[in-house]
Amino acid sequence: MASTNAGRSALLFGATGATGKHVLQELLASKDFGKVIEAGRRVTPAEALNDVPGKEKLVQKIVDFDKIEEAGLKDEKADVVIITLGTTRAIAGSEEKFLQIDRDYPISAAKAAKSDGEQKLVYLSSTGANASSFLLYSRSKGQTEQGLAGLGYSDTIVFRPGLLKDADRGDHRILETVYGKVTGFLSHFTPTLEISVKSLAKSIVSAAALGSASLPATTEVNKVNEPHPYSVITNKGALALFQAHSSSN
């Protein structure tokens, strides 16, 4: 693995999603990473990167998630693997397809990208993630967290944000729109219910660069030890990390 910040590399899955597109831009602009690999069934169009600083650091790989082990991602020896993959049951079309995309693909991708040596893994989950939940979405996120933690990365960090503000999605989510109006009102009283996708992306890249041991105390990282250890950053912690990042730049 690279020993200097400029020589470090990050491998990102889900770069075309609502949050992932901002994570990609933050990685390219970051001085902490000298190489950024974007892997997915489709990649960011060149025209979308015309005005993005650091685009010369980008390497793009189209992969088949059903044959992800054939993509040679382990050979990249990425210092950090970031996963922002996800979907909804409505978009997937069935519970089986939803679990394949939302749970199985992230785990198989992280497994295929794992190499020898020190390597961090950062995963975008959701508030309410619980492997035993009766709610399909929450259960999928919880099972994904546990599956990723069991892969043996040297440092696994999970973000559990609340409602994502200003998310540019290709689909219209009625319940999320209604919930957003409610949390938007409540945010006048407590700021920890929602977070903008741009702020979240900055927090994710900060965590990827720092690692769980070096995160600011204000992040209030929660440690999960069973069945496998990993670090959880809540919506409140993500906001605090964003503020710490902003004040240091």
# chains A, B, ... in the order shown; residues from 1 in each chain; ligands from 1
>>> residues_around(residues="Glu76 (chain A)", least_positions_apart="2", cutoff="9 Å", atoms="only C-alpha atoms", output="ChimeraX atom specification")
/A:9,11,37,72-74,78-79,113,115
>>> residues_around(residues="region 66-69 of chain A", least_positions_apart="5", cutoff="8 Å", atoms="only C-alpha atoms", output="PyMOL selection string")
chain A and resi 105+108-109+112
>>> atom_distance(atom1="CA of Val122 (chain A)", atom2="CA of Leu148 (chain A)")
9.4 Å
>>> closest_residue(among="A:Ala149, A:Leu58, A:Ala201, A:Leu135", to="Arg89 (chain A)", atoms="only C-alpha atoms")
A:Leu135
>>> closest_atom_pairs(of="region 85-166 of chain A", to="region 236-239 of chain A", cutoff="9 Å", atoms="only C-alpha atoms", output="tab-separated table")
residue	atom	partner	partner_atom	distance
A:Phe159	CA	A:Ala238	CA	7.5
A:Arg160	CA	A:Ala238	CA	8.4
A:Pro161	CA	A:Ala238	CA	7.2
A:Gly162	CA	A:Lys236	CA	8.8
>>> residues_around(residues="Thr44 (chain A)", least_positions_apart="4", cutoff="9 Å", atoms="only C-alpha atoms", output="compact mmCIF listing (two decimals) with C-alpha atoms, in the first residue's frame")
# COMPACT_ATOMS: atom_id res chain seq x y z
CA ALA A 15 -20.44 6.65 -8.35
CA THR A 16 -23.49 7.36 -10.51
CA LYS A 21 -21.67 11.23 -7.73
CA GLU A 38 -14.69 4.20 -10.42
CA ALA A 48 -20.22 15.26 -16.61
CA LEU A 49 -16.59 15.61 -15.51
CA GLN A 60 -13.02 3.95 -14.92
>>> select_by_dssp(residues="region 17-178 of chain A", states="alpha helix (DSSP H)", output="PyMOL selection string")
chain A and resi 20-29+89-92+95-99+105-113+136-149+174-178
>>> select_by_dssp(residues="region 44-180 of chain A", states="strand (DSSP E or B)", output="list in words")
Leu58, Val59, Gln60, Lys61, Ile62, Val80, Val81, Ile82, Ile83, Lys120, Leu121, Val122, Tyr123, Leu124, Asp155, Thr156, Ile157, Val158, Phe159, Arg160, Leu163, Leu164 and Lys165 of chain A
>>> residues_around(residues="Lys198 (chain A)", least_positions_apart="6", cutoff="12 Å", atoms="only C-alpha atoms", output="ChimeraX atom specification")
/A:18-26,164-168,204-205,238-239,242
>>> closest_residue(among="A:Ser196, A:Gln243, A:Ala10, A:Ile157", to="Asn222 (chain A)", atoms="only C-alpha atoms")
A:Ile157
>>> residues_around(residues="Lys57 (chain A)", least_positions_apart="6", cutoff="7 Å", atoms="only C-alpha atoms", output="list in words")
Leu28, Gly34, Lys35 and Val36 of chain A
>>> write_last_selection(atoms="all heavy atoms", output="tab-separated table (two decimals), in the first residue's frame")
chain	number	residue	atom	x	y	z
A	28	LEU	N	-11.91	13.13	-6.28
A	28	LEU	CA	-11.07	13.70	-7.32
A	28	LEU	C	-10.44	15.02	-6.87
A	28	LEU	O	-9.28	15.32	-7.20
A	28	LEU	CB	-11.89	13.93	-8.60
A	28	LEU	CG	-12.37	12.65	-9.30
A	28	LEU	CD1	-13.27	13.01	-10.47
A	28	LEU	CD2	-11.19	11.82	-9.78
A	34	GLY	N	-4.31	10.14	-4.76
A	34	GLY	CA	-3.66	10.41	-6.04
A	34	GLY	C	-4.26	9.62	-7.19
A	34	GLY	O	-3.97	9.90	-8.35
A	35	LYS	N	-5.08	8.63	-6.86
A	35	LYS	CA	-5.73	7.81	-7.88
A	35	LYS	C	-7.12	7.43	-7.40
A	35	LYS	O	-7.31	7.04	-6.25
A	35	LYS	CB	-4.91	6.54	-8.15
A	35	LYS	CG	-5.51	5.61	-9.20
A	35	LYS	CD	-4.63	4.38	-9.40
A	35	LYS	CE	-5.21	3.43	-10.44
A	35	LYS	NZ	-4.38	2.20	-10.61
A	36	VAL	N	-8.09	7.54	-8.30
A	36	VAL	CA	-9.48	7.20	-7.98
A	36	VAL	C	-9.99	6.24	-9.05
A	36	VAL	O	-9.94	6.54	-10.25
A	36	VAL	CB	-10.38	8.45	-7.94
A	36	VAL	CG1	-11.82	8.05	-7.64
A	36	VAL	CG2	-9.87	9.44	-6.89
>>> closest_residue(among="A:Val221, A:Leu85, A:Ala29, A:Ala207", to="Phe98 (chain A)", atoms="only C-alpha atoms")
A:Leu85
>>> residues_around(residues="Ile101 (chain A)", least_positions_apart="3", cutoff="12 Å", atoms="only C-alpha atoms", output="PyMOL selection string")
chain A and resi 14+40-41+64-66+84-89+91-98+104-109+137+140-141+144
>>> decode(residues="region 67-103 of chain A", atoms="N, CA, C and O atoms", output="tab-separated table (two decimals), in the first residue's frame")
chain	number	residue	atom	x	y	z
A	67	LYS	N	-20.34	-11.22	-12.14
A	67	LYS	CA	-19.04	-11.86	-12.37
A	67	LYS	C	-17.93	-10.95	-11.85
A	67	LYS	O	-16.88	-10.80	-12.46
A	68	ILE	N	-18.18	-10.33	-10.71
A	68	ILE	CA	-17.30	-9.30	-10.19
A	68	ILE	C	-15.89	-9.80	-9.90
A	68	ILE	O	-14.91	-9.07	-10.01
A	69	GLU	N	-15.78	-11.09	-9.58
A	69	GLU	CA	-14.45	-11.64	-9.26
A	69	GLU	C	-13.54	-11.69	-10.49
A	69	GLU	O	-12.32	-11.83	-10.36
A	70	GLU	N	-14.12	-11.53	-11.69
A	70	GLU	CA	-13.34	-11.57	-12.91
A	70	GLU	C	-12.83	-10.18	-13.32
A	70	GLU	O	-12.12	-10.04	-14.32
A	71	ALA	N	-13.19	-9.14	-12.55
A	71	ALA	CA	-12.86	-7.77	-12.93
A	71	ALA	C	-11.43	-7.36	-12.57
A	71	ALA	O	-10.97	-6.30	-12.98
A	72	GLY	N	-10.73	-8.18	-11.80
A	72	GLY	CA	-9.35	-7.88	-11.43
A	72	GLY	C	-9.20	-6.72	-10.47
A	72	GLY	O	-8.15	-6.06	-10.42
A	73	LEU	N	-10.23	-6.46	-9.68
A	73	LEU	CA	-10.20	-5.32	-8.76
A	73	LEU	C	-9.20	-5.50	-7.63
A	73	LEU	O	-8.66	-4.52	-7.11
A	74	LYS	N	-8.94	-6.73	-7.25
A	74	LYS	CA	-7.96	-7.00	-6.20
A	74	LYS	C	-6.58	-6.49	-6.60
A	74	LYS	O	-5.80	-6.03	-5.76
A	75	ASP	N	-6.29	-6.54	-7.90
A	75	ASP	CA	-4.99	-6.11	-8.40
A	75	ASP	C	-4.78	-4.60	-8.29
A	75	ASP	O	-3.65	-4.12	-8.35
A	76	GLU	N	-5.88	-3.86	-8.11
A	76	GLU	CA	-5.75	-2.41	-7.94
A	76	GLU	C	-5.10	-2.06	-6.60
A	76	GLU	O	-4.55	-0.98	-6.44
A	77	LYS	N	-5.22	-2.98	-5.62
A	77	LYS	CA	-4.65	-2.76	-4.29
A	77	LYS	C	-5.04	-1.39	-3.73
A	77	LYS	O	-4.20	-0.62	-3.23
A	78	ALA	N	-6.33	-1.08	-3.84
A	78	ALA	CA	-6.82	0.22	-3.37
A	78	ALA	C	-6.63	0.36	-1.86
A	78	ALA	O	-6.89	-0.58	-1.10
A	79	ASP	N	-6.20	1.52	-1.44
A	79	ASP	CA	-6.02	1.78	-0.01
A	79	ASP	C	-7.37	1.87	0.69
A	79	ASP	O	-7.50	1.51	1.86
A	80	VAL	N	-8.36	2.39	-0.03
A	80	VAL	CA	-9.71	2.54	0.52
A	80	VAL	C	-10.73	2.07	-0.51
A	80	VAL	O	-10.62	2.41	-1.69
A	81	VAL	N	-11.71	1.30	-0.06
A	81	VAL	CA	-12.83	0.88	-0.90
A	81	VAL	C	-14.07	1.56	-0.34
A	81	VAL	O	-14.38	1.43	0.84
A	82	ILE	N	-14.78	2.29	-1.19
A	82	ILE	CA	-15.98	3.01	-0.77
A	82	ILE	C	-17.17	2.47	-1.55
A	82	ILE	O	-17.12	2.37	-2.78
A	83	ILE	N	-18.25	2.15	-0.83
A	83	ILE	CA	-19.43	1.57	-1.47
A	83	ILE	C	-20.66	2.41	-1.17
A	83	ILE	O	-21.06	2.56	-0.02
A	84	THR	N	-21.24	2.99	-2.23
A	84	THR	CA	-22.47	3.76	-2.09
A	84	THR	C	-23.59	3.15	-2.94
A	84	THR	O	-24.52	3.83	-3.35
A	85	LEU	N	-23.47	1.86	-3.18
A	85	LEU	CA	-24.48	1.14	-3.95
A	85	LEU	C	-25.77	0.99	-3.15
A	85	LEU	O	-25.73	0.81	-1.94
A	86	GLY	N	-26.89	1.01	-3.83
A	86	GLY	CA	-28.16	0.79	-3.15
A	86	GLY	C	-29.33	0.99	-4.10
A	86	GLY	O	-29.17	1.55	-5.19
A	87	THR	N	-30.50	0.53	-3.69
A	87	THR	CA	-31.69	0.69	-4.51
A	87	THR	C	-32.91	0.61	-3.60
A	87	THR	O	-32.78	0.60	-2.37
A	88	THR	N	-34.09	0.56	-4.18
A	88	THR	CA	-35.33	0.34	-3.43
A	88	THR	C	-36.04	-0.86	-4.05
A	88	THR	O	-35.75	-1.25	-5.19
A	89	ARG	N	-36.98	-1.42	-3.29
A	89	ARG	CA	-37.72	-2.57	-3.82
A	89	ARG	C	-38.52	-2.17	-5.05
A	89	ARG	O	-38.65	-2.93	-6.01
A	90	ALA	N	-39.06	-0.96	-5.03
A	90	ALA	CA	-39.88	-0.50	-6.15
A	90	ALA	C	-39.07	-0.44	-7.44
A	90	ALA	O	-39.53	-0.84	-8.50
A	91	ILE	N	-37.85	0.06	-7.32
A	91	ILE	CA	-36.99	0.16	-8.51
A	91	ILE	C	-36.51	-1.21	-8.94
A	91	ILE	O	-36.48	-1.54	-10.14
A	92	ALA	N	-36.14	-2.05	-7.97
A	92	ALA	CA	-35.63	-3.39	-8.29
A	92	ALA	C	-36.70	-4.28	-8.90
A	92	ALA	O	-36.40	-5.13	-9.74
A	93	GLY	N	-37.95	-4.11	-8.47
A	93	GLY	CA	-39.06	-4.87	-9.05
A	93	GLY	C	-39.51	-6.07	-8.25
A	93	GLY	O	-40.61	-6.57	-8.44
A	94	SER	N	-38.66	-6.57	-7.36
A	94	SER	CA	-39.03	-7.71	-6.52
A	94	SER	C	-38.12	-7.73	-5.30
A	94	SER	O	-37.05	-7.11	-5.30
A	95	GLU	N	-38.54	-8.46	-4.27
A	95	GLU	CA	-37.71	-8.57	-3.08
A	95	GLU	C	-36.39	-9.26	-3.39
A	95	GLU	O	-35.32	-8.86	-2.91
A	96	GLU	N	-36.45	-10.29	-4.19
A	96	GLU	CA	-35.24	-11.04	-4.55
A	96	GLU	C	-34.23	-10.17	-5.27
A	96	GLU	O	-33.03	-10.16	-4.97
A	97	LYS	N	-34.71	-9.39	-6.25
A	97	LYS	CA	-33.81	-8.52	-7.02
A	97	LYS	C	-33.28	-7.39	-6.15
A	97	LYS	O	-32.11	-6.99	-6.26
A	98	PHE	N	-34.14	-6.88	-5.27
A	98	PHE	CA	-33.71	-5.83	-4.35
A	98	PHE	C	-32.55	-6.29	-3.49
A	98	PHE	O	-31.54	-5.60	-3.35
A	99	LEU	N	-32.69	-7.47	-2.88
A	99	LEU	CA	-31.63	-7.99	-2.01
A	99	LEU	C	-30.34	-8.28	-2.79
A	99	LEU	O	-29.24	-8.10	-2.27
A	100	GLN	N	-30.51	-8.68	-4.03
A	100	GLN	CA	-29.32	-8.93	-4.86
A	100	GLN	C	-28.53	-7.64	-5.07
A	100	GLN	O	-27.30	-7.62	-4.93
A	101	ILE	N	-29.23	-6.55	-5.39
A	101	ILE	CA	-28.56	-5.28	-5.68
A	101	ILE	C	-28.12	-4.57	-4.40
A	101	ILE	O	-27.01	-4.04	-4.32
A	102	ASP	N	-28.99	-4.56	-3.41
A	102	ASP	CA	-28.76	-3.77	-2.21
A	102	ASP	C	-27.85	-4.44	-1.20
A	102	ASP	O	-27.12	-3.77	-0.46
A	103	ARG	N	-27.86	-5.76	-1.16
A	103	ARG	CA	-27.06	-6.51	-0.17
A	103	ARG	C	-25.95	-7.33	-0.81
A	103	ARG	O	-24.77	-7.19	-0.45
